[in-house]
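As stored in start.cif (mmCIF, C-alpha atoms):
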```cif
data_query
loop_
_atom_site.label_atom_id
_atom_site.label_comp_id
_atom_site.auth_asym_id
_atom_site.auth_seq_id
_atom_site.Cartn_x
_atom_site.Cartn_y
_atom_site.Cartn_z
CA MET A 1 -36.64 -11.24 -54.96
CA SER A 2 -33.56 -13.33 -55.57
CA CYS A 3 -31.21 -15.04 -53.14
CA ARG A 4 -28.52 -12.51 -54.05
CA ILE A 5 -30.68 -9.60 -52.96
CA VAL A 6 -31.40 -11.28 -49.65
CA GLN A 7 -27.70 -11.85 -48.99
CA LYS A 8 -26.89 -8.25 -50.02
CA LYS A 9 -29.39 -6.94 -47.52
CA ILE A 10 -27.99 -9.07 -44.76
CA GLU A 11 -24.44 -8.06 -45.67
CA ALA A 12 -25.50 -4.44 -45.52
CA GLY A 13 -26.43 -5.01 -41.89
CA VAL A 14 -30.17 -4.85 -42.21
CA HIS A 15 -31.66 -6.24 -39.04
CA LEU A 16 -33.43 -9.57 -39.24
CA SER A 17 -36.61 -8.15 -37.76
CA ILE A 18 -36.77 -5.63 -40.59
CA LEU A 19 -36.21 -8.34 -43.12
CA ALA A 20 -38.95 -10.41 -41.58
CA GLY A 21 -41.37 -7.53 -42.04
CA ASP A 22 -40.67 -7.32 -45.73
CA ASP A 23 -43.43 -9.09 -47.69
CA ALA A 24 -41.26 -9.81 -50.71
CA MET A 25 -38.59 -11.23 -48.42
CA SER A 26 -41.14 -13.35 -46.59
CA ARG A 27 -42.41 -14.81 -49.82
CA HIS A 28 -38.88 -15.57 -50.98
CA LEU A 29 -37.98 -17.23 -47.72
CA ASP A 30 -41.07 -19.39 -47.91
CA GLU A 31 -39.95 -20.65 -51.31
CA CYS A 32 -36.14 -20.71 -50.99
CA VAL A 33 -34.80 -23.31 -48.60
CA GLU A 34 -31.20 -22.08 -48.80
CA CYS A 35 -32.03 -18.49 -47.91
CA SER A 36 -34.38 -19.66 -45.22
CA ALA A 37 -31.61 -21.80 -43.70
CA TYR A 38 -29.17 -18.92 -44.05
CA ILE A 39 -31.49 -16.54 -42.21
CA GLU A 40 -32.24 -19.13 -39.57
CA ALA A 41 -28.55 -19.76 -38.97
CA ARG A 42 -27.93 -16.03 -38.62
CA ARG A 43 -30.85 -15.73 -36.20
CA LEU A 44 -29.46 -18.60 -34.15
CA LEU A 45 -26.04 -16.96 -34.07
CA LEU A 46 -27.50 -13.71 -32.81
CA GLN A 47 -29.40 -15.61 -30.16
CA ARG A 48 -26.22 -17.29 -28.95
CA LEU A 49 -24.43 -13.95 -28.88
CA GLN A 50 -27.32 -12.63 -26.83
CA TRP A 51 -26.82 -15.47 -24.37
CA LEU A 52 -23.17 -14.56 -24.10
CA ALA A 53 -24.07 -10.91 -23.59
CA ASN A 54 -26.48 -11.84 -20.82
CA ALA A 55 -23.88 -14.08 -19.23
CA GLU A 56 -21.45 -11.25 -18.72
CA ARG A 57 -19.86 -10.83 -15.39
CA GLN A 58 -19.40 -7.68 -13.41
CA ALA A 59 -16.10 -6.51 -12.05
CA ARG A 60 -15.33 -7.50 -8.50
CA PRO A 61 -16.84 -5.23 -5.84
CA GLU A 62 -13.42 -4.17 -4.61
CA PHE A 63 -12.34 -3.15 -8.09
CA GLU A 64 -13.75 0.36 -7.72
CA GLN A 65 -11.95 0.83 -4.43
CA LYS A 66 -8.73 -0.28 -6.05
CA VAL A 67 -9.04 2.28 -8.82
CA LEU A 68 -9.92 4.97 -6.31
CA GLU A 69 -6.84 4.20 -4.28
CA ARG A 70 -4.68 4.60 -7.33
CA TYR A 71 -6.38 7.91 -7.98
CA ARG A 72 -5.77 9.04 -4.40
CA ALA A 73 -2.18 7.93 -4.56
CA ARG A 74 -1.79 9.91 -7.75
CA PHE A 75 -2.98 13.10 -6.08
CA GLY A 76 -1.38 12.45 -2.70
CA LYS A 77 -4.60 12.10 -0.78
CA PRO A 78 -4.96 9.84 2.26
CA VAL A 79 -5.59 6.28 1.24
CA ASN A 80 -7.80 3.81 3.04
CA THR A 81 -5.40 1.10 4.08
CA ASP A 82 -8.13 -1.41 4.80
CA PHE A 83 -8.00 -2.67 1.25
CA ALA A 84 -5.13 -4.17 -0.65
CA LEU A 85 -2.44 -1.94 0.66
CA GLU A 86 0.56 -3.13 2.49
CA PRO A 87 1.12 -1.45 5.84
CA ARG A 88 3.36 1.52 5.56
CA PRO A 89 6.61 1.12 7.52
CA SER A 90 7.20 3.52 10.36
CA ALA A 91 9.56 6.43 9.91
CA TRP A 92 12.15 4.64 12.06
CA LYS A 93 12.01 1.56 9.85
CA ARG A 94 12.31 3.57 6.67
CA LEU A 95 15.73 4.95 7.77
CA PRO A 96 18.76 3.19 6.36
CA ALA A 97 20.22 0.58 8.66
CA TRP A 98 23.51 2.41 9.08
CA VAL A 99 21.72 5.51 10.37
CA THR A 100 20.07 3.44 13.09
CA VAL A 101 23.36 1.84 14.09
CA ALA A 102 25.19 5.17 14.09
CA ALA A 103 22.51 6.81 16.21
CA SER A 104 22.64 3.97 18.73
CA LEU A 105 26.43 4.19 18.97
CA ALA A 106 26.33 7.96 19.39
CA LEU A 107 23.78 7.63 22.17
CA LEU A 108 25.87 5.00 23.94
CA ILE A 109 29.01 7.14 23.75
CA LEU A 110 27.12 10.16 25.03
CA ILE A 111 25.81 8.24 28.03
CA ASN A 112 29.27 6.86 28.84
CA THR A 113 30.88 10.28 28.54
CA THR A 114 28.28 11.92 30.73
CA PHE A 115 28.26 9.44 33.57
CA GLN A 116 31.82 8.15 33.57
CA GLU A 117 34.06 9.06 36.53
CA PRO A 118 36.50 11.68 35.19
CA ASN A 119 39.54 10.36 37.10
CA SER A 120 40.53 8.31 40.04
CA SER A 121 40.67 11.24 42.45
CA PRO A 122 37.89 11.12 44.95
CA ARG A 123 34.94 13.26 44.10
CA VAL A 124 34.09 13.59 47.70
CA SER A 125 33.54 16.30 50.16
CA VAL A 126 33.04 16.30 53.82
CA VAL A 127 29.59 17.24 54.84
CA PRO A 128 29.26 19.95 57.49
CA GLU A 129 28.64 17.31 60.09
CA ALA A 130 32.20 16.19 59.54
CA ALA A 131 33.28 19.21 61.49
CA ALA A 132 31.67 17.82 64.58
CA PRO A 133 34.02 16.68 67.28
CA SER A 134 32.91 13.13 66.82
CA GLY A 135 35.12 12.94 63.75
CA ALA A 136 34.65 10.26 61.13
CA SER A 137 31.65 8.73 62.70
CA THR A 138 29.56 11.77 61.79
CA ILE A 139 30.05 11.30 58.11
CA GLN A 140 26.78 9.80 56.88
CA LYS A 141 25.91 10.96 53.43
CA VAL A 142 27.29 8.92 50.56
CA GLU A 143 26.43 9.34 46.90
CA SER A 144 27.94 7.01 44.37
CA PRO A 145 28.23 8.08 40.75
CA LEU A 146 26.25 6.19 38.14
CA ASP A 147 28.30 3.28 36.96
CA LEU A 148 27.24 1.33 33.90
CA ASN A 149 29.99 -1.22 34.16
CA PRO A 150 28.62 -4.20 36.11
CA ILE A 151 32.08 -5.40 37.21
CA ALA A 152 33.06 -2.00 38.57
CA ARG A 153 29.64 -1.75 40.20
CA ALA A 154 30.16 -5.06 41.98
CA GLN A 155 33.62 -4.00 43.17
CA ARG A 156 32.22 -0.74 44.38
CA ALA A 157 29.50 -2.54 46.28
CA ARG A 158 32.08 -4.79 47.99
CA ARG A 159 34.18 -1.79 48.95
CA ALA A 160 31.14 0.03 50.28
CA LYS A 161 30.20 -2.97 52.41
CA HIS A 162 33.74 -3.12 53.81
CA HIS A 163 33.71 0.60 54.48
CA VAL A 164 30.40 0.41 56.29
CA GLN A 165 31.68 -2.33 58.59
CA ALA A 166 34.85 -0.39 59.26
CA ALA A 167 32.88 2.78 59.87
CA GLU A 168 30.67 1.05 62.38
CA THR A 169 33.71 -0.22 64.28
CA SER A 170 35.32 3.19 64.18
CA ALA A 171 32.13 4.90 65.29
CA THR A 172 31.86 2.60 68.28
CA MET A 173 35.39 3.38 69.33
CA GLU A 174 34.85 7.07 68.80
CA ARG A 175 31.75 7.03 70.95
CA ARG A 176 33.68 5.39 73.73
CA ALA A 177 36.47 7.95 73.51
CA GLN A 178 34.15 10.92 73.07
CA PRO A 179 33.78 12.04 76.72
CA LEU A 180 37.53 11.97 77.24
CA ARG A 181 38.25 13.76 73.99
CA GLN A 182 35.71 16.45 74.62
CA SER A 183 37.17 17.15 78.01
CA ASP A 184 40.68 17.13 76.58
CA ASN A 185 39.62 19.49 73.86
CA GLU A 186 38.02 21.80 76.30
CA ARG A 187 41.12 21.82 78.44
CA ALA A 188 43.55 22.34 75.60
CA GLY A 189 41.31 24.82 73.77
CA ILE A 190 41.37 22.73 70.61
CA GLU A 191 39.09 24.03 67.89
CA THR A 192 36.74 21.82 65.94
CA PHE A 193 37.50 20.24 62.56
CA ARG A 194 36.94 22.37 59.53
CA PRO A 195 35.92 20.54 56.40
CA LEU A 196 38.09 20.53 53.34
CA VAL A 197 35.75 20.56 50.41
CA TYR A 198 36.98 18.99 47.20
CA CYS A 199 33.74 18.66 45.40
CA ASP A 200 30.22 19.64 46.09
CA ASN A 201 27.36 17.25 46.67
CA VAL A 202 29.55 14.20 46.91
CA THR A 203 30.82 12.78 50.15
CA CYS A 204 32.62 9.66 51.16
CA ASN A 205 32.09 7.22 53.88
CA GLY A 206 34.32 4.83 55.73
CA PRO A 207 36.71 5.15 58.61
CA MET A 208 38.96 8.18 59.06
CA GLN A 209 42.35 8.62 60.65
CA VAL A 210 43.56 11.58 62.64
CA VAL A 211 47.03 12.62 61.55
CA GLN A 212 48.97 15.19 63.51
CA VAL A 213 51.09 17.52 61.43
CA LYS A 214 53.32 20.50 61.96
CA ILE A 215 53.13 23.31 59.48
CA GLY A 216 56.21 25.50 59.35
CA ARG A 217 55.52 29.21 59.10
CA GLY A 218 59.12 30.39 58.56
CA GLY A 219 61.39 32.57 60.63
CA GLU A 220 61.11 32.50 64.38
CA VAL A 221 57.46 31.77 64.36
CA PRO A 222 56.89 28.32 65.83
CA PRO A 223 55.31 25.78 63.55
CA LEU A 224 51.58 25.41 63.61
CA LYS A 225 50.32 22.14 64.99
CA ALA A 226 47.25 20.74 63.34
CA GLU A 227 45.30 17.52 63.04
CA LEU A 228 44.06 16.24 59.72
CA LEU A 229 41.13 13.93 59.32
CA VAL A 230 42.31 11.60 56.58
CA GLY A 231 40.17 9.09 54.78
CA MET A 232 41.12 5.54 53.83
CA ASP A 233 42.05 6.78 50.39
CA GLY A 234 44.70 9.07 51.89
CA VAL A 235 42.91 12.28 51.14
CA ALA A 236 42.43 14.78 53.93
CA ARG A 237 38.83 15.61 54.61
CA ALA A 238 39.02 18.03 57.50
CA ILE A 239 41.57 19.96 59.56
CA ARG A 240 41.76 21.57 62.96
CA VAL A 241 44.47 23.61 64.57
CA VAL A 242 45.90 22.47 67.84
CA ASN A 243 47.32 25.28 69.96
CA MET B 1 -21.22 24.65 -10.07
CA LEU B 2 -19.61 21.37 -11.01
CA GLU B 3 -20.10 19.94 -7.56
CA LYS B 4 -23.84 20.46 -7.82
CA ASP B 5 -24.29 18.93 -11.27
CA LEU B 6 -21.72 16.20 -11.42
CA GLY B 7 -24.23 13.71 -12.74
CA SER B 8 -25.16 15.86 -15.69
CA ALA B 9 -21.74 17.32 -16.36
CA ALA B 10 -20.04 16.56 -19.64
CA ASP B 11 -17.23 14.04 -19.75
CA SER B 12 -14.68 16.70 -20.58
CA GLN B 13 -15.72 18.78 -17.56
CA LEU B 14 -15.52 15.80 -15.27
CA LEU B 15 -12.15 14.85 -16.65
CA GLU B 16 -10.75 18.35 -16.15
CA ALA B 17 -12.02 18.38 -12.57
CA ALA B 18 -10.64 14.89 -11.93
CA ARG B 19 -7.26 15.94 -13.24
CA THR B 20 -7.14 18.71 -10.65
CA GLY B 21 -7.78 16.26 -7.83
CA ASN B 22 -11.58 16.37 -7.60
CA GLU B 23 -12.31 12.84 -6.45
CA GLU B 24 -16.08 13.16 -6.82
CA ALA B 25 -15.68 14.09 -10.44
CA PHE B 26 -13.44 11.10 -10.97
CA VAL B 27 -15.92 8.79 -9.26
CA THR B 28 -18.74 10.12 -11.44
CA LEU B 29 -16.68 9.60 -14.56
CA PHE B 30 -15.72 6.13 -13.37
CA HIS B 31 -19.33 5.12 -12.76
CA ARG B 32 -20.31 6.42 -16.15
CA TRP B 33 -17.75 4.43 -18.12
CA ASN B 34 -16.65 1.57 -15.89
CA ALA B 35 -19.25 -1.00 -16.92
CA PRO B 36 -19.05 -0.45 -20.72
CA LEU B 37 -15.28 -0.48 -20.65
CA TYR B 38 -15.16 -3.58 -18.50
CA ARG B 39 -17.63 -5.44 -20.72
CA PHE B 40 -15.72 -4.45 -23.82
CA ALA B 41 -12.38 -5.47 -22.32
CA LEU B 42 -13.84 -8.74 -21.06
CA HIS B 43 -15.18 -9.70 -24.48
CA MET B 44 -11.98 -8.60 -26.16
CA THR B 45 -9.70 -10.63 -23.91
CA GLY B 46 -11.94 -13.30 -22.39
CA SER B 47 -10.25 -12.76 -19.07
CA PRO B 48 -11.91 -11.01 -16.10
CA SER B 49 -8.58 -10.17 -14.54
CA PHE B 50 -7.31 -8.67 -17.79
CA ALA B 51 -10.57 -6.79 -18.15
CA GLU B 52 -10.16 -5.22 -14.73
CA GLU B 53 -6.57 -4.39 -15.42
CA ILE B 54 -7.40 -2.78 -18.76
CA THR B 55 -10.27 -0.78 -17.30
CA GLN B 56 -8.06 0.47 -14.52
CA GLU B 57 -5.28 1.40 -16.90
CA VAL B 58 -7.68 3.30 -19.12
CA PHE B 59 -8.73 5.55 -16.25
CA MET B 60 -5.17 6.06 -15.12
CA ALA B 61 -4.15 6.88 -18.66
CA LEU B 62 -6.85 9.52 -18.74
CA LEU B 63 -5.21 11.24 -15.80
CA GLU B 64 -1.68 10.83 -17.06
CA ASP B 65 -2.14 11.86 -20.65
CA ARG B 66 -3.35 15.36 -19.98
CA HIS B 67 -1.81 16.62 -23.18
CA ARG B 68 -3.26 13.96 -25.43
CA TYR B 69 -6.98 14.29 -24.99
CA SER B 70 -8.89 17.53 -25.21
CA SER B 71 -12.59 18.13 -25.60
CA ALA B 72 -11.88 19.99 -28.84
CA ALA B 73 -10.69 16.72 -30.38
CA GLY B 74 -14.07 15.08 -29.97
CA LYS B 75 -15.98 12.97 -27.52
CA LEU B 76 -14.32 11.06 -24.75
CA ALA B 77 -15.81 7.67 -25.60
CA PRO B 78 -13.72 6.93 -28.71
CA TYR B 79 -10.62 7.94 -26.81
CA LEU B 80 -11.47 5.63 -23.91
CA PHE B 81 -12.29 2.67 -26.10
CA GLY B 82 -9.24 3.35 -28.25
CA ILE B 83 -7.01 2.96 -25.21
CA ALA B 84 -8.92 -0.13 -24.13
CA ARG B 85 -8.60 -1.63 -27.59
CA ASN B 86 -4.85 -1.10 -27.69
CA LEU B 87 -4.40 -2.53 -24.22
CA ALA B 88 -6.58 -5.50 -25.09
CA ARG B 89 -4.44 -6.24 -28.11
CA GLN B 90 -1.35 -6.19 -25.96
CA LYS B 91 -2.96 -8.48 -23.40
CA TRP B 92 -4.30 -10.78 -26.04
CA ARG B 93 -0.81 -11.71 -27.04
CA THR B 94 -0.39 -13.57 -23.78
CA ARG B 95 -3.44 -15.74 -24.62
CA SER B 96 -4.65 -16.26 -21.07
CA PHE B 97 -8.14 -17.59 -21.54
CA GLU B 98 -10.47 -17.84 -18.57
CA PRO B 99 -13.84 -19.35 -19.54
CA LEU B 100 -16.93 -17.85 -18.02
CA ASP B 101 -18.25 -19.54 -14.96
CA GLU B 102 -21.26 -21.65 -15.93
CA THR B 103 -23.27 -20.87 -12.85
CA GLU B 104 -22.77 -17.15 -13.32
CA SER B 105 -23.43 -17.43 -17.02
CA LEU B 106 -26.76 -19.07 -16.52
CA ALA B 107 -27.87 -17.04 -13.56
CA ALA B 108 -29.13 -14.38 -15.93
CA ASP B 109 -31.67 -16.73 -17.50
CA PRO B 110 -34.27 -17.69 -14.91
CA GLN B 111 -36.32 -19.65 -17.48
CA LEU B 112 -33.87 -22.51 -17.49
CA HIS B 113 -34.87 -24.96 -14.78
CA ASP B 114 -33.74 -28.23 -16.33
CA PRO B 115 -30.14 -29.05 -15.35
CA GLY B 116 -29.63 -30.72 -18.73
CA GLU B 117 -30.70 -27.59 -20.55
CA ARG B 118 -28.50 -25.51 -18.35
CA LEU B 119 -25.55 -27.69 -19.20
CA LEU B 120 -26.22 -27.45 -22.90
CA ARG B 121 -26.68 -23.71 -22.69
CA ALA B 122 -23.42 -23.30 -20.79
CA ASP B 123 -21.66 -25.41 -23.40
CA GLU B 124 -23.01 -23.27 -26.22
CA ILE B 125 -22.09 -20.06 -24.45
CA GLY B 126 -18.55 -21.28 -23.94
CA MET B 127 -18.37 -22.25 -27.60
CA VAL B 128 -19.57 -18.84 -28.75
CA GLN B 129 -17.12 -17.13 -26.47
CA ARG B 130 -14.23 -19.14 -27.86
CA ALA B 131 -15.38 -18.34 -31.37
CA VAL B 132 -15.54 -14.62 -30.60
CA LEU B 133 -12.09 -14.70 -29.08
CA ALA B 134 -10.78 -16.43 -32.18
CA LEU B 135 -11.87 -13.54 -34.38
CA PRO B 136 -9.34 -10.98 -35.60
CA PRO B 137 -9.36 -7.87 -33.38
CA LEU B 138 -11.04 -5.66 -35.95
CA TYR B 139 -14.00 -8.01 -36.15
CA ARG B 140 -13.95 -8.96 -32.51
CA GLU B 141 -14.33 -5.36 -31.39
CA VAL B 142 -17.42 -4.74 -33.52
CA VAL B 143 -18.99 -7.95 -32.22
CA ALA B 144 -18.11 -6.90 -28.68
CA LEU B 145 -19.60 -3.46 -29.13
CA CYS B 146 -22.67 -4.20 -31.24
CA ASP B 147 -23.69 -7.70 -30.19
CA LEU B 148 -22.30 -8.08 -26.70
CA CYS B 149 -22.39 -4.51 -25.40
CA GLU B 150 -25.57 -3.92 -27.40
CA LEU B 151 -24.63 -0.57 -28.86
CA SER B 152 -26.12 0.79 -32.06
CA TYR B 153 -24.00 0.95 -35.20
CA GLU B 154 -23.68 4.70 -34.77
CA GLU B 155 -22.51 4.41 -31.19
CA ALA B 156 -20.07 1.66 -32.11
CA ALA B 157 -18.74 3.76 -34.95
CA GLN B 158 -18.24 6.66 -32.57
CA ARG B 159 -16.31 4.54 -30.11
CA ILE B 160 -14.16 2.87 -32.69
CA GLY B 161 -13.71 6.07 -34.60
CA CYS B 162 -14.76 4.86 -38.02
CA PRO B 163 -17.73 5.32 -40.38
CA VAL B 164 -20.99 3.50 -39.70
CA GLY B 165 -20.70 1.63 -43.00
CA THR B 166 -17.39 0.18 -41.89
CA VAL B 167 -19.00 -1.08 -38.73
CA ARG B 168 -21.79 -2.73 -40.72
CA SER B 169 -19.48 -4.47 -43.11
CA ARG B 170 -17.10 -5.61 -40.38
CA LEU B 171 -19.99 -6.92 -38.37
CA HIS B 172 -21.36 -8.85 -41.30
CA ARG B 173 -17.96 -10.35 -41.97
CA ALA B 174 -17.57 -11.20 -38.28
CA HIS B 175 -20.95 -12.92 -38.23
CA SER B 176 -20.04 -14.97 -41.25
CA LEU B 177 -16.81 -16.07 -39.63
CA LEU B 178 -18.58 -16.90 -36.41
CA GLN B 179 -21.26 -18.84 -38.18
CA LYS B 180 -18.69 -20.79 -40.10
CA LYS B 181 -16.80 -21.50 -36.96
CA LEU B 182 -19.83 -22.61 -34.99
CA THR B 183 -21.34 -24.79 -37.70
CA ARG B 184 -18.14 -26.42 -38.84
CA ASP B 185 -17.11 -28.27 -35.76
CA LYS B 186 -18.23 -27.53 -32.25
CA GLY B 187 -15.10 -28.92 -30.61
CA ASP B 188 -12.58 -27.99 -33.25
CA ASP B 189 -10.63 -24.82 -32.58
CA SER B 190 -8.49 -25.09 -35.67
CA PHE B 191 -10.77 -22.99 -37.86
CA ALA B 192 -9.19 -19.71 -37.00
CA CYS B 193 -5.72 -20.99 -37.61
CA GLU B 194 -6.71 -22.47 -40.96
CA GLU B 195 -8.29 -19.21 -41.98
CA GLY B 196 -5.32 -17.24 -40.69
CA TYR B 197 -7.47 -15.03 -38.53
CA LEU B 198 -5.52 -15.17 -35.34
CA ILE B 199 -3.22 -12.31 -34.59
#
```

As structure tokens, what does this structure read like?
Amino acid sequence: MSCRIVQKKIEAGVHLSILAGDDAMSRHLDECVECSAYIEARRLLLQRLQWLANAERQARPEFEQKVLERYRARFGKPVNTDFALEPRPSAWKRLPAWVTVAASLALLILINTTFQEPNSSPRVSVVPEAAAPSGASTIQKVESPLDLNPIARAQRARRAKHHVQAAETSATMERRAQPLRQSDNERAGIETFRPLVYCDNVTCNGPMQVVQVKIGRGGEVPPLKAELLVGMDGVARAIRVVN
Amino acid sequence: MLEKDLGSAADSQLLEAARTGNEEAFVTLFHRWNAPLYRFALHMTGSPSFAEEITQEVFMALLEDRHRYSSAAGKLAPYLFGIARNLARQKWRTRSFEPLDETESLAADPQLHDPGERLLRADEIGMVQRAVLALPPLYREVVALCDLCELSYEEAAQRIGCPVGTVRSRLHRAHSLLQKKLTRDKGDDSFACEEGYLI
């Protein structure tokens, strides 16, 4: 066997173990230093490659999970967010900023429109107790509308405090005059006050004034005398006819 | 039927099921081909991160390219490794080389107790790896498949999609280049450039 044949066999990919089992090859390798060195170098190379093969590393443990998440995302399946996924923003956060601002403004306007006082006229009514002969002192129930404006709320609170003080003073005076008035009323046959209702469920407080009026009825009919129970805002709350 | 015999199902069956959203089929297919593809990609690029990326992209490409692969065209393995080879070539252009960790490299050989021997072995392994990475892709892939992934010539030929004789001749040529590289100068990386083998 010649050196050329040995190299041809190796070039053809014949495994070294097969070559080693060949008697003719063995004899040639014993005699030929060059071929022996060539085979030895090739054997050493394969050994080093084997070391490299054994030194291979595995993929990271989380690699499989990562691939699976991509698969799940591809088919729209629920994904385990414990690994390598950023937290998904809430539906509110995913809305454009202008939508959030517009919704907030709309809500604010709606609240203002709903709870704002429609006009300056008093949304008050006289509760049935207002018809009692005791007059203004019997008015007890007060309901203030919801006011979001803090300045207006403070002014309203000051006015309410003033009205309460005035009402207490008026009530004291009324209580003192009550026996006389009742007797006068009984003598004169004066009827009790009848409430004038402007708005349901809302009353006003504060002192009242009794205003005597004459209501013309035309022709020869004498005018009707009446007494109005007028609030501090100038609005009549109750009326009674005086014969 | 597929659910019962996922382990023994053919690749094409698993792939069809995975394409319709069957996660178990996909997992089975992944376990079957993950390690060979990762090893191949690692030896082709020398970078664990690139290897993971390539392996991942191969599986995603399988799902995306539903019109490109069919069982009638042949086995799945050549298709998988073909994608991996193309991706590895693309990645290789960036030349990001991450040498193997010595401790991990030597953990597989429990016979080495002497620290000096371990150091020498690690040095030689790193040298061989650099030499493999310096090979042209055609030769590098046969070395990766036959020597490093330990496939037979027939299996390598199937995965590359070429005749067995071509694998043999390429492997012989690759060994000659490696031998020349390793015996010329252990610390000199200029061999590949001189020979014009780099991409």

Just how far from CA of Leu63 (chain B) is CA of Leu87 (chain B), in Å to one decimal? 16.2 Å

Selected by the PyMOL selection byres ((chain B) within 9 of (chain A)) in the shown coordinates: which residues, as JSON, numbers by chain? {"B": [19, 20, 21, 23, 26, 27, 30, 31, 34, 35, 38, 39, 42, 43, 48, 49, 51, 52, 56, 57, 59, 60, 63, 100, 101, 102, 104, 105, 106, 107, 108, 109, 121, 124, 125, 126, 128, 129, 143, 144, 147, 148, 149, 150, 165, 167, 168, 169, 171, 172, 173, 175, 176, 178, 179, 182, 183]}

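Of note, CA of Ala157 (chain B) and CA of Leu62 (chain B) are spaced 20.9 Å apart.
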
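Between CA of Ser152 (chain B) and CA of Thr166 (chain B) lies a distance of 13.2 Å.
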
Run the PyMOL selection byres ((chain B and resi 12) around 9) on the file and write out the hits as a ChimeraX atom specification. /B:9-11,13-17,70-71,75-76

For this file, the PyMOL selection byres ((chain B and resi 83) around 12) selects which residues, as a compact mmCIF listing (two decimals) with C-alpha atoms, keeping the file's coordinate frame?
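What follows is the written file out13.txt:
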```txt
# COMPACT_ATOMS: atom_id res chain seq x y z
CA LEU B 37 -15.28 -0.48 -20.65
CA PHE B 40 -15.72 -4.45 -23.82
CA ALA B 41 -12.38 -5.47 -22.32
CA ILE B 54 -7.40 -2.78 -18.76
CA THR B 55 -10.27 -0.78 -17.30
CA GLN B 56 -8.06 0.47 -14.52
CA GLU B 57 -5.28 1.40 -16.90
CA VAL B 58 -7.68 3.30 -19.12
CA PHE B 59 -8.73 5.55 -16.25
CA MET B 60 -5.17 6.06 -15.12
CA ALA B 61 -4.15 6.88 -18.66
CA LEU B 62 -6.85 9.52 -18.74
CA ASP B 65 -2.14 11.86 -20.65
CA ARG B 68 -3.26 13.96 -25.43
CA TYR B 69 -6.98 14.29 -24.99
CA LEU B 76 -14.32 11.06 -24.75
CA ALA B 77 -15.81 7.67 -25.60
CA PRO B 78 -13.72 6.93 -28.71
CA TYR B 79 -10.62 7.94 -26.81
CA LEU B 80 -11.47 5.63 -23.91
CA PHE B 81 -12.29 2.67 -26.10
CA GLY B 82 -9.24 3.35 -28.25
CA ALA B 84 -8.92 -0.13 -24.13
CA ARG B 85 -8.60 -1.63 -27.59
CA ASN B 86 -4.85 -1.10 -27.69
CA LEU B 87 -4.40 -2.53 -24.22
CA ALA B 88 -6.58 -5.50 -25.09
CA ARG B 89 -4.44 -6.24 -28.11
CA GLN B 90 -1.35 -6.19 -25.96
CA ARG B 159 -16.31 4.54 -30.11
CA ILE B 160 -14.16 2.87 -32.69
CA GLY B 161 -13.71 6.07 -34.60
```

Kindly write region 80-88 of chain B with N, CA, C and O atoms to a file, as a compact mmCIF listing (two decimals), in the first residue's frame.
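Saved as selection-v6.txt:
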```txt
# COMPACT_ATOMS: atom_id res chain seq x y z
N LEU B 80 -35.90 22.27 8.37
CA LEU B 80 -35.54 22.95 9.61
C LEU B 80 -34.10 23.43 9.59
O LEU B 80 -33.79 24.59 9.87
N PHE B 81 -33.22 22.53 9.23
CA PHE B 81 -31.79 22.88 9.23
C PHE B 81 -31.45 23.86 8.11
O PHE B 81 -30.50 24.63 8.24
N GLY B 82 -32.24 23.82 7.05
CA GLY B 82 -32.03 24.81 5.98
C GLY B 82 -32.32 26.21 6.49
O GLY B 82 -31.56 27.15 6.23
N ILE B 83 -33.43 26.34 7.23
CA ILE B 83 -33.75 27.66 7.80
C ILE B 83 -32.66 28.08 8.79
O ILE B 83 -32.20 29.23 8.78
N ALA B 84 -32.28 27.12 9.63
CA ALA B 84 -31.25 27.44 10.63
C ALA B 84 -29.94 27.85 9.97
O ALA B 84 -29.26 28.78 10.42
N ARG B 85 -29.61 27.19 8.88
CA ARG B 85 -28.35 27.51 8.19
C ARG B 85 -28.40 28.92 7.61
O ARG B 85 -27.45 29.69 7.73
N ASN B 86 -29.53 29.25 7.00
CA ASN B 86 -29.65 30.61 6.43
C ASN B 86 -29.61 31.67 7.51
O ASN B 86 -28.97 32.72 7.35
N LEU B 87 -30.29 31.41 8.61
CA LEU B 87 -30.28 32.38 9.70
C LEU B 87 -28.89 32.52 10.31
O LEU B 87 -28.45 33.62 10.67
N ALA B 88 -28.20 31.38 10.41
CA ALA B 88 -26.85 31.42 10.97
C ALA B 88 -25.92 32.23 10.08
O ALA B 88 -25.06 32.97 10.58
```
